[in-house]
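A.B. asks: Just dropping this structure here.
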Amino acid sequence: MLEVELMSLAEMSEDNASYTPIADHWRSSVSAYLWDDVVMDFHNGISIDRLIPFTDIHAGKLDVHVFPKMLTEGTQEATVRASLSKNGKVLVVGHTKLVTDSKKTVVTLPFDGKIQLWSPDTPNLYELSVELLSGNSTLDQRIYSYGAKEFKLDASGRKFLLNGKPFTARAGTVVWPRWVRNPEGYNLAWNEDWFEQNIVLRLKELGANTLRFHLGNVPEKYIDLCDRHGLLVQYEWSFFHGMPATVESLLDQWPDWFDLGLRHASVGLYHPYNETNPEWLPPVWTAIDQIIEDYPPILIADRDVIHVHKYWWSLFENLGLYYDSYTQFPKAIMVDEFGGSYLDANYEYGLYKTVKDTFRRFLGTGETVDQRIKLQTQANVKVAESWRRIGAAGYSPFCALGSHEDGSHWFEGDLRQGNPKPVWNALAVAYAPLAASLDIWDQNFEGGQIIDVPVHFFNDTGEAVEMEAMVTIEQGDALLFKQPIRDKVPPYSSRVVSCKITLPVTPGEYWIKAMLLNEQPQVKHPVVSEWDFRIHEVTRPETVDAMVFAIPEFE
């Protein structure tokens, strides 16, 4: 029998790096769950203590840094043998003598031309086996999935590159420690089939390429799913609104966290703390600066990327178009929190403290379920489209899975059934590699008014595409206007086409839509940008006709 005893939160010091942040106690599970499987490794004299892959896609090689641990006294002759294989066929082999009196031994696998790179579109995985051998005896062995990739910033420092090609992180967010606070979340938390079908594959079928695991690790098998299906991972520690851990505690625990991330092809962006003021951070960077000496170049939040949390049109701020371009920021921006109109499985208010007043603020009192659904959908989709239009390096509405106290989730009814709320499918316009987005915010017009509506075509693929969208105006089931627009869009770029529209004359409620007509086999849902608007009958009192109104330039 193997018994594992976990320390209770009450017994744990707040300066322990694993302590659940106080700011999260009321909305996260604070139980000492053992998130992952317990694995027993057996050794014979020497063990592999750590294993860190250094991938160089330009040189076409993998250097495996092997950190041995001597378990018996005296020296022991040993060889490190590493291999990459696929479906049982060994593709590359490398071996070298183990340097037992050194911190590490490096074994090189030259894979150029023998394996394919990993990306969300082509999640090529191989089996990496590393063995310590003495004659015909195996002293220790590690076997992991391996994917070769390079994830970094471009020369401007404001955009991501994956394997040398532009990459926009089109992401969803799961807050695992909060989701398991819910009884239904706890009951499904370790159901790999449910998570695969309702989170991973649903994101893929909408065209997403990234998954943010917010505020702490998830069971490793869910990162494995991202490896296999192709979702880049934003990988996070649990620090939130503070960081009281000691440097010693960080140096003790973070190497295991970084090691695990480096072993997964999908992990791309490391996020050691969330929404934490600068005065808390000297211990963080003291520890990180020491730890990352053992690692290849990696992207780390705050140092390399600004994480933007603007809850426009939801929890706090009014919807304001404060930015016109990603170039207004000094670094790459990952806009990984917005939306925030939290509704439970029955479309009732989530328990976050400002949610009830949020809905009343935008909808007034006595709002209907349909109005709540519409606000939740638009607060996520329209803002995601806006960040995409201004060229953010990545964006992720908040959130697909959370606790009732913060985030709720995007499913209706019995969570086991995985019935998606409308916000899911509506996000296809933000997630699909090819998309057309209406750049229109006005919702009130005069009958017969002629307007020019900019339509942004996005092409996140590596090929130039003749893109086409159908712009329509609809009222109920009636189609009142229909106009196709087209443009050839170069790879990894966007183009703007203006569509001139004569609006209806009759006062009433209408929708303007832009539906992408290009087929995308991987995207299983219509890619539609849509906006409701109203036609008003405008009258001007005689007393106003004689007046002149002006807005000063500074406004």
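Chain identifiers are assigned as A, B, and so on, following the order in which chains appear in the structure tokens; residues are numbered from 1 within each chain, and ligands are numbered from 1 in order of appearance.
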DSSP on the backbone: which residues in stretch 347-380 of chain A end up as alpha helix (DSSP H)? Give the answer as a list in words.

C.D. replies: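 Matching residues for alpha helix (DSSP H) in stretch 347-380 of chain A are Val355, Lys356, Asp357, Thr358, Phe359, Arg360, Arg361, Phe362, Leu363, Val369, Asp370, Gln371, Arg372, Ile373, Lys374, Leu375, Gln376, Thr377, Gln378, Ala379 and Asn380 of chain A.
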
A.B. asks: Tell me, as a VMD selection string, which residues lie within 10 Å of stretch 506-510 of chain A, counting only C-alpha atoms; anything in the same chain fewer than 5 positions away does not count.

C.D. replies: chain A and resid 443 to 448 473 to 476 478 480 531 to 538

A.B. asks: For atom CA of A:His525 and atom CA of A:Lys482, determine how far apart the two atoms are, in Å to one decimal place.

C.D. replies: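 Atom CA of A:Lys482 lies 21.0 Å from atom CA of A:His525.
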
A.B. asks: Taking only residues of stretch 424-494 of chain A that have an atom at most 12 Å from an atom of stretch 301-324 of chain A, what is each one's shortest atom pair and its distance in Å to one decimal, using only C-alpha atoms, in chain and number order, as a tab-separated table?

C.D. replies:
```
residue	atom	partner	partner_atom	distance
A:Asp439	CA	A:Leu321	CA	11.4
A:Ile440	CA	A:Leu321	CA	11.4
A:Trp441	CA	A:Leu321	CA	9.5
```

A.B. asks: I need the residue nearest A:Thr377 from this list: A:Trp280, A:Phe239, A:Phe329, A:Glu530. Use only C-alpha atoms for the distance.

C.D. replies: A:Glu530

A.B. asks: Let's see if you can do this: from backbone DSSP, list all strand (DSSP E or B) residues in stretch 385-533 of chain A, as a PyMOL selection string.

C.D. replies: chain A and resi 394-395+398+401-403+406-409+411-412+419-420+434-438+444-446+450-459+465-475+478-489+493-502+508-516+528-533

A.B. asks: Excluding A:Gln76 and any residue of its chain fewer than 3 positions from it, enumerate the residues within 12 Å of it, using only C-alpha atoms, and give them as a PyMOL selection string.

C.D. replies: chain A and resi 44-47+68-73+79+97-101+132-135+139

A.B. asks: Tell me which protein, DNA and RNA residues are within 8 Å of A:Ile143, counting only C-alpha atoms, leaving out same-chain ones fewer than 3 positions away, and put them as a ChimeraX atom specification.

C.D. replies: /A:127-130

A.B. asks: Tell me, as a PyMOL selection string, which residues lie within 7 Å of A:Ala245, counting only C-alpha atoms; anything in the same chain fewer than 6 positions away does not count.

C.D. replies: chain A and resi 14-17

A.B. asks: Take the residues that were just selected and, keeping N, CA and C atoms, output them as a short mmCIF file (atom, residue, chain, number, x, y, z; two decimals), in the first residue's frame.

C.D. replies:
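The file below, part.cif, is the result:
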```cif
data_model
loop_
_atom_site.label_atom_id
_atom_site.label_comp_id
_atom_site.auth_asym_id
_atom_site.auth_seq_id
_atom_site.Cartn_x
_atom_site.Cartn_y
_atom_site.Cartn_z
N GLU A 14 1.81 30.68 4.87
CA GLU A 14 1.47 31.49 3.72
C GLU A 14 2.68 31.74 2.82
N ASP A 15 3.89 31.66 3.38
CA ASP A 15 5.06 31.91 2.55
C ASP A 15 5.54 30.66 1.81
N ASN A 16 4.72 29.58 1.86
CA ASN A 16 4.97 28.39 1.06
C ASN A 16 4.44 28.65 -0.36
N ALA A 17 5.21 28.32 -1.37
CA ALA A 17 4.83 28.63 -2.75
C ALA A 17 3.56 27.91 -3.19
#
```

A.B. asks: Can you pull out the residues contacting stretch 53-64 of chain A? Cut-off 6 Å, using only C-alpha atoms, and skip same-chain residues under 2 positions away; I want them as a PDB file with N, CA, C and O atoms, in the first residue's frame.

C.D. replies:
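Generated file (result-v7.pdb):
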```pdb
ATOM      1  N   VAL A 106      24.847  15.999 -21.487  1.00  0.00           N
ATOM      2  CA  VAL A 106      24.051  16.380 -22.658  1.00  0.00           C
ATOM      3  C   VAL A 106      24.205  15.321 -23.737  1.00  0.00           C
ATOM      4  O   VAL A 106      25.331  14.979 -24.130  1.00  0.00           O
ATOM      5  N   VAL A 107      23.054  14.816 -24.203  1.00  0.00           N
ATOM      6  CA  VAL A 107      23.058  13.874 -25.315  1.00  0.00           C
ATOM      7  C   VAL A 107      22.300  14.509 -26.466  1.00  0.00           C
ATOM      8  O   VAL A 107      21.248  15.121 -26.273  1.00  0.00           O
ATOM      9  N   THR A 108      22.850  14.405 -27.674  1.00  0.00           N
ATOM     10  CA  THR A 108      22.312  15.108 -28.844  1.00  0.00           C
ATOM     11  C   THR A 108      21.615  14.132 -29.786  1.00  0.00           C
ATOM     12  O   THR A 108      22.136  13.053 -30.092  1.00  0.00           O
ATOM     13  N   LEU A 109      20.430  14.568 -30.257  1.00  0.00           N
ATOM     14  CA  LEU A 109      19.676  13.818 -31.255  1.00  0.00           C
ATOM     15  C   LEU A 109      19.526  14.692 -32.498  1.00  0.00           C
ATOM     16  O   LEU A 109      18.724  15.634 -32.517  1.00  0.00           O
ATOM     17  N   PRO A 110      20.280  14.444 -33.576  1.00  0.00           N
ATOM     18  CA  PRO A 110      20.124  15.225 -34.813  1.00  0.00           C
ATOM     19  C   PRO A 110      18.915  14.741 -35.603  1.00  0.00           C
ATOM     20  O   PRO A 110      18.948  13.677 -36.212  1.00  0.00           O
ATOM     21  N   PHE A 111      17.838  15.534 -35.554  1.00  0.00           N
ATOM     22  CA  PHE A 111      16.578  15.049 -36.139  1.00  0.00           C
ATOM     23  C   PHE A 111      16.255  15.692 -37.481  1.00  0.00           C
ATOM     24  O   PHE A 111      15.200  15.411 -38.062  1.00  0.00           O
ATOM     25  N   ASP A 112      17.096  16.545 -38.009  1.00  0.00           N
ATOM     26  CA  ASP A 112      16.767  17.303 -39.216  1.00  0.00           C
ATOM     27  C   ASP A 112      16.353  16.367 -40.354  1.00  0.00           C
ATOM     28  O   ASP A 112      17.082  15.454 -40.728  1.00  0.00           O
ATOM     29  N   PRO A 296      16.228  26.376 -21.848  1.00  0.00           N
ATOM     30  CA  PRO A 296      16.342  27.093 -23.121  1.00  0.00           C
ATOM     31  C   PRO A 296      15.514  28.375 -23.058  1.00  0.00           C
ATOM     32  O   PRO A 296      14.763  28.579 -22.099  1.00  0.00           O
TER      33      PRO A 296
END
```

A.B. asks: Residues at most 8 Å from stretch 256-270 of chain A, counting only C-alpha atoms, excluding those fewer than 3 positions away in the same chain, as a PyMOL selection string?

C.D. replies: chain A and resi 50-53+118-119+125+144-149+151+223-224+226-227+230-236+253+298-301

A.B. asks: Find the residue from A:Gly339, A:Pro21, A:Pro120, A:Pro282 that sits nearest to A:Ala208; use only C-alpha atoms when measuring.

C.D. replies: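 Going through A:Gly339, A:Pro21, A:Pro120, A:Pro282 one by one, the smallest distance to A:Ala208 is for A:Pro120.
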
A.B. asks: How many Å separate atom CA of A:Pro177 from atom CA of A:Ile288?

C.D. replies: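 Straight-line distance from atom CA of A:Pro177 to atom CA of A:Ile288 works out to 23.7 Å.
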
A.B. asks: Rounded to one decimal, what separation in Å do you get between atom CA of A:Leu188 and atom CA of A:Gly402?

C.D. replies: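 Here the two named atoms are 12.8 Å from each other.
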
A.B. asks: Point out the residue among A:Pro123, A:Leu351, A:Phe398, A:Ser437 with the least atom-to-atom distance to A:Lys382, counting only C-alpha atoms.

C.D. replies: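 Distance minimum relative to A:Lys382 lands on A:Ser437.
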
A.B. asks: Go through A:Tyr186, A:Val284, A:Ala428, A:Glu279 and flag the residue nearest A:Leu251, using only C-alpha atoms for the distances.

C.D. replies: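 Of A:Tyr186, A:Val284, A:Ala428, A:Glu279, the one nearest A:Leu251, counting only C-alpha atoms, is A:Val284.
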
A.B. asks: Using only C-alpha atoms, can you tell me which of A:Gln378, A:Ser13, A:Gln197, A:Thr327 comes closest to A:Arg158?

C.D. replies: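 Nearest candidate to A:Arg158 out of A:Gln378, A:Ser13, A:Gln197, A:Thr327: A:Thr327.
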
A.B. asks: From the set A:Leu415, A:Val455, A:Cys399, A:Leu343, which residue has the shortest atom-to-atom contact distance to A:Thr173, counting only C-alpha atoms?

C.D. replies: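 Using only C-alpha atoms, A:Thr173 sits closest to A:Cys399.
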